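Peer 1: Starting off with a structure, shown below.
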Amino acid sequence: MFFRVRALRARGALPVPGISAFLQLNVRTYVRGPDGLPGVWFFSIDASSRLAALGVRRIYHVPAFYARMTLEWAGSAGGGAAGARPVDRAAEGGAGRGWQEAECVRVGEPGRVFAGRYRANGETFHAEQGSLEFFLTERYRLFAAEASAEMHHDRWLLSPAEAEIELASIAPFQLGEPKCCHFAFRQDALIWPPEPIAST
């Protein structure tokens with residue numbers, strides 16, 4: 001999942017420059033906790049903010065890394081300048097009509113890279129309960145080896161999408177061609193501090 005974080009902040013505080021806005025790429029899988037509630041397990045998180053990567057690693061105990069990252073529009077029939085930010089293109093009425101090119105190069109680990117592009121190609125929808133889209137998106141907990149954190153968000157407003165992956169050695173295992181792709185313009189979320197997972 002490749003996306004842009006904006007206005008990240010602690011509750012009641014203002015965004016902090018250098019850590020409140022950055023790009024993120026995460027490689028994840030989908031799990032259930034000891035209590036049976038569904039959640040997300042991260043194999044890796046790459047962030048274009050060194051401080052954000054350090055904070056995620058120390059607070060949430062997940063493998064987070066600093067990386068050089070870009071996310072730019074490649075141009076489309078919807079018009080607008082290449083390189084415009086997604087929010088700008090949405091304001092122009094071109095959201096979902098052009099390719100977004102994403103690149104990630106992990107700092108200090110030669111060969112750990114990601115390069116690809118994606119675009120939305122259909123109407124927006126909310127996932128129906130019992131569907132694959134519901135299974136993938138309606139999850140409200142983050143898991144690490146020794147802790148978990150609650151997460152709240154509205155239902156995802158999704159669009160069907162297509163993706164072309166050029167390089168994907170960023171993951172700790174080999175990734176194949178994408179079989180299921182979706183695009184979301186925006187998703188607000190609240191994330192609680194982690195809590196230890198009780199041993200059984």
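So you can find residues: chains in the structure tokens are A, B, ... in the order shown, residues in each start at 1, and ligands are numbered from 1 in order.
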Tell me which protein, DNA and RNA residues are within 6 Å of Pro38 in chain A, counting only C-alpha atoms, leaving out same-chain ones fewer than 6 positions away, and put them as a PDB file with C-alpha atoms, in the first residue's frame.
Peer 2:
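Output saved as around_35.pdb:
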ATOM      1  CA  VAL A  31      -4.610 -11.573  10.621  1.00  0.00           C
ATOM      2  CA  ARG A  32      -6.803 -12.096  13.674  1.00  0.00           C
ATOM      3  CA  ARG A 139      -9.802  -3.765   9.933  1.00  0.00           C
TER       4      ARG A 139
END
Peer 1: Range 19-134 of chain A near range 167-172 of chain A within 6 Å: what's each residue's closest atom pair and its distance in Å to one decimal, counting only C-alpha atoms, ordered by chain then ascending residue number, as JSON lines?
Peer 2:
{"residue": "A:Arg112", "atom": "CA", "partner": "A:Ile170", "partner_atom": "CA", "distance": 4.3}
{"residue": "A:Val113", "atom": "CA", "partner": "A:Ile170", "partner_atom": "CA", "distance": 4.7}
{"residue": "A:Phe114", "atom": "CA", "partner": "A:Ala168", "partner_atom": "CA", "distance": 4.6}
{"residue": "A:Ala115", "atom": "CA", "partner": "A:Leu167", "partner_atom": "CA", "distance": 4.9}
Peer 1: What does the file look like for those residues with N, CA and C atoms, as a JSON list (two decimals), in the first residue's frame?
Peer 2:
[["chain", "number", "residue", "atom", "x", "y", "z"],
["A", 112, "ARG", "N", 16.91, -2.68, -1.99],
["A", 112, "ARG", "CA", 15.55, -2.66, -1.46],
["A", 112, "ARG", "C", 14.80, -1.48, -2.10],
["A", 113, "VAL", "N", 14.10, -1.78, -3.19],
["A", 113, "VAL", "CA", 13.44, -0.71, -3.96],
["A", 113, "VAL", "C", 12.03, -1.15, -4.37],
["A", 114, "PHE", "N", 11.22, -0.15, -4.68],
["A", 114, "PHE", "CA", 9.91, -0.37, -5.27],
["A", 114, "PHE", "C", 9.69, 0.68, -6.34],
["A", 115, "ALA", "N", 9.16, 0.25, -7.49],
["A", 115, "ALA", "CA", 8.81, 1.18, -8.56],
["A", 115, "ALA", "C", 7.59, 0.63, -9.28]]
Peer 1: What residues in range 3-172 of chain A get the DSSP label helix (DSSP H, G or I)? Please answer as JSON, numbers by chain.
Peer 2: {"A": [50, 51, 52, 53, 54, 55, 56, 57, 58, 59, 60, 86, 87, 88, 89, 90, 91, 132, 133, 134, 135, 136, 137]}
Peer 1: At a cut-off of 12 Å, using only C-alpha atoms, what residues contact Arg58 in chain A? Leave out same-chain residues fewer than 5 positions from it and give the result as a list in words.
Peer 2: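 The filter keeps Leu51, Ala52, Ala53, Pro63, Ala64, Phe65, Ala144, Ala147, Pro193 and Pro194 of chain A.
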Peer 1: Since we have the selection now, will you write its residues out, keeping C-alpha atoms, as a CSV table (one decimal), in the first residue's frame?
Peer 2:
chain,number,residue,atom,x,y,z
A,51,LEU,CA,11.6,10.9,12.2
A,52,ALA,CA,8.4,9.2,11.3
A,53,ALA,CA,10.2,5.9,10.5
A,63,PRO,CA,10.1,-2.9,11.0
A,64,ALA,CA,10.0,0.7,9.8
A,65,PHE,CA,12.7,2.3,7.5
A,144,ALA,CA,3.3,-6.4,16.1
A,147,ALA,CA,1.8,-5.3,21.0
A,193,PRO,CA,-1.0,3.9,21.5
A,194,PRO,CA,0.1,0.3,21.5
Peer 1: Using only C-alpha atoms, determine which residues lie at most 8 Å from range 122-132 of chain A, disregarding the query and same-chain residues fewer than 3 positions distant; provide the list as a PDB file with C-alpha atoms, in the first residue's frame.
Peer 2:
ATOM      1  CA  PHE A 135     -12.054  -8.363   4.255  1.00  0.00           C
ATOM      2  CA  LEU A 136      -9.085  -6.282   3.116  1.00  0.00           C
ATOM      3  CA  ARG A 155     -15.643   2.744   5.803  1.00  0.00           C
ATOM      4  CA  TRP A 156     -13.265   3.009   2.863  1.00  0.00           C
ATOM      5  CA  LEU A 157     -14.593   4.689  -0.278  1.00  0.00           C
ATOM      6  CA  LEU A 158     -12.879   2.579  -2.924  1.00  0.00           C
ATOM      7  CA  SER A 159     -12.451   2.598  -6.684  1.00  0.00           C
ATOM      8  CA  PRO A 160     -11.381  -0.356  -8.832  1.00  0.00           C
ATOM      9  CA  ALA A 161      -7.798   0.212  -9.981  1.00  0.00           C
TER      10      ALA A 161
END
Peer 1: Between A:Phe143, A:Glu101, A:Pro34, A:Phe134, which has the minimum distance to Val62 in chain A (counting only C-alpha atoms)?
Peer 2: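 Once distances to Val62 in chain A are computed over only C-alpha atoms, the minimum belongs to A:Phe143.
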Peer 1: I want to know what sits within 8 Å of Gly116 in chain A, based on only C-alpha atoms, with residues of the same chain fewer than 6 positions away left out; could you give that as a list in words?
Peer 2: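 Those residues are Glu101, Ala102, Glu103, Ala163, Glu164, Ile165, Glu166 and Leu167 of chain A.
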Peer 1: Store the residues of this selection in a file with C-alpha atoms, as a PDB file, in the first residue's frame.
Peer 2:
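Result written to result-v1.pdb:
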ATOM      1  CA  GLU A 101       3.992   6.842 -10.486  1.00  0.00           C
ATOM      2  CA  ALA A 102       5.418   5.638  -7.172  1.00  0.00           C
ATOM      3  CA  GLU A 103       9.048   5.004  -6.285  1.00  0.00           C
ATOM      4  CA  ALA A 163      -1.306  -1.328 -11.331  1.00  0.00           C
ATOM      5  CA  GLU A 164       1.938  -2.039 -13.141  1.00  0.00           C
ATOM      6  CA  ILE A 165       4.878  -3.081 -10.941  1.00  0.00           C
ATOM      7  CA  GLU A 166       8.396  -2.613 -12.299  1.00  0.00           C
ATOM      8  CA  LEU A 167      10.447  -3.419  -9.181  1.00  0.00           C
TER       9      LEU A 167
END
Peer 1: Run DSSP on the backbone and tell me which residues of range 98-141 of chain A come out as strand (DSSP E or B); list them as a list in words.
Peer 2: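 Reading the DSSP output for range 98-141 of chain A, strand (DSSP E or B) covers Gly98, Trp99, Gln100, Glu101, Ala102, Glu103, Cys104, Val105, Arg106, Val113, Phe114, Ala115, Gly116, Arg117, Tyr118, Arg119, Ala120, Phe125, His126 and Arg141 of chain A.
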Peer 1: Go ahead and write the residues just picked, N, CA and C atoms, as a JSON list (two decimals), in the first residue's frame.
Peer 2:
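Just written: part-v9.json:
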[["chain", "number", "residue", "atom", "x", "y", "z"],
["A", 98, "GLY", "N", -5.72, 9.37, -14.34],
["A", 98, "GLY", "CA", -4.35, 9.25, -14.82],
["A", 98, "GLY", "C", -3.54, 8.34, -13.94],
["A", 99, "TRP", "N", -2.36, 8.02, -14.42],
["A", 99, "TRP", "CA", -1.45, 7.16, -13.67],
["A", 99, "TRP", "C", -0.72, 7.96, -12.61],
["A", 100, "GLN", "N", -0.54, 7.36, -11.46],
["A", 100, "GLN", "CA", 0.35, 7.90, -10.43],
["A", 100, "GLN", "C", 1.57, 6.99, -10.37],
["A", 101, "GLU", "N", 2.75, 7.60, -10.49],
["A", 101, "GLU", "CA", 3.99, 6.84, -10.49],
["A", 101, "GLU", "C", 4.60, 6.91, -9.09],
["A", 102, "ALA", "N", 4.91, 5.74, -8.54],
["A", 102, "ALA", "CA", 5.42, 5.64, -7.17],
["A", 102, "ALA", "C", 6.79, 4.98, -7.18],
["A", 103, "GLU", "N", 7.71, 5.57, -6.42],
["A", 103, "GLU", "CA", 9.05, 5.00, -6.29],
["A", 103, "GLU", "C", 9.48, 5.08, -4.83],
["A", 104, "CYS", "N", 10.22, 4.06, -4.40],
["A", 104, "CYS", "CA", 10.72, 3.98, -3.03],
["A", 104, "CYS", "C", 12.07, 3.30, -3.04],
["A", 105, "VAL", "N", 13.08, 3.97, -2.48],
["A", 105, "VAL", "CA", 14.43, 3.40, -2.37],
["A", 105, "VAL", "C", 14.83, 3.48, -0.91],
["A", 106, "ARG", "N", 14.97, 2.34, -0.25],
["A", 106, "ARG", "CA", 15.30, 2.32, 1.17],
["A", 106, "ARG", "C", 16.73, 2.76, 1.40],
["A", 113, "VAL", "N", 14.10, -1.78, -3.19],
["A", 113, "VAL", "CA", 13.44, -0.71, -3.96],
["A", 113, "VAL", "C", 12.03, -1.15, -4.37],
["A", 114, "PHE", "N", 11.22, -0.15, -4.68],
["A", 114, "PHE", "CA", 9.91, -0.37, -5.27],
["A", 114, "PHE", "C", 9.69, 0.68, -6.34],
["A", 115, "ALA", "N", 9.16, 0.25, -7.49],
["A", 115, "ALA", "CA", 8.81, 1.18, -8.56],
["A", 115, "ALA", "C", 7.59, 0.63, -9.28],
["A", 116, "GLY", "N", 6.60, 1.47, -9.44],
["A", 116, "GLY", "CA", 5.39, 1.04, -10.13],
["A", 116, "GLY", "C", 4.48, 2.22, -10.38],
["A", 117, "ARG", "N", 3.34, 1.96, -10.96],
["A", 117, "ARG", "CA", 2.35, 3.00, -11.18],
["A", 117, "ARG", "C", 0.96, 2.40, -11.07],
["A", 118, "TYR", "N", -0.01, 3.26, -10.75],
["A", 118, "TYR", "CA", -1.37, 2.78, -10.58],
["A", 118, "TYR", "C", -2.35, 3.88, -10.94],
["A", 119, "ARG", "N", -3.58, 3.48, -11.19],
["A", 119, "ARG", "CA", -4.64, 4.45, -11.45],
["A", 119, "ARG", "C", -5.99, 3.81, -11.17],
["A", 120, "ALA", "N", -6.93, 4.64, -10.76],
["A", 120, "ALA", "CA", -8.31, 4.20, -10.58],
["A", 120, "ALA", "C", -8.96, 4.08, -11.95],
["A", 125, "PHE", "N", -17.14, 3.06, -4.54],
["A", 125, "PHE", "CA", -18.11, 2.20, -3.87],
["A", 125, "PHE", "C", -17.65, 1.90, -2.46],
["A", 126, "HIS", "N", -18.58, 1.51, -1.61],
["A", 126, "HIS", "CA", -18.26, 0.97, -0.29],
["A", 126, "HIS", "C", -18.34, -0.55, -0.37],
["A", 141, "ARG", "N", -7.33, -2.83, 13.85],
["A", 141, "ARG", "CA", -6.28, -3.10, 14.82],
["A", 141, "ARG", "C", -4.97, -3.36, 14.08]]
Peer 1: Of the candidates A:Tyr140, A:Val27, A:Ser49, A:Gly108, which one gets nearest to Arg6 in chain A if we count only C-alpha atoms?
Peer 2: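 Counting only C-alpha atoms, the residue closest to Arg6 in chain A is A:Ser49.
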Peer 1: Please indicate the distance in Å from CA of Leu14 in chain A to CA of Ser148 in chain A, rounded to one decimal place.
Peer 2: 25.2 Å
Peer 1: Could you work out how far CA of Ile59 in chain A lies from CA of Ala10 in chain A, giving the answer in Å with one decimal?
Peer 2: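 Distance reported for this atom pair: 13.0 Å.
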Peer 1: Using only C-alpha atoms, which residue out of A:Trp73, A:Cys180, A:Leu190, A:Val107 lies closest to Arg9 in chain A?
Peer 2: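 When distances to Arg9 in chain A are compared using only C-alpha atoms, the smallest one comes from A:Leu190.
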Peer 1: What is the CA of Ala21 in chain A-CA of Phe183 in chain A distance in Å, reported with one decimal?
Peer 2: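 Interatomic distance, CA of Ala21 in chain A to CA of Phe183 in chain A: 19.7 Å.
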Peer 1: Of the candidates A:Glu133, A:Pro15, A:His153, A:Leu142, which one gets nearest to Asp188 in chain A if we count only C-alpha atoms?
Peer 2: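 Going through A:Glu133, A:Pro15, A:His153, A:Leu142 one by one, the smallest distance to Asp188 in chain A is for A:His153.
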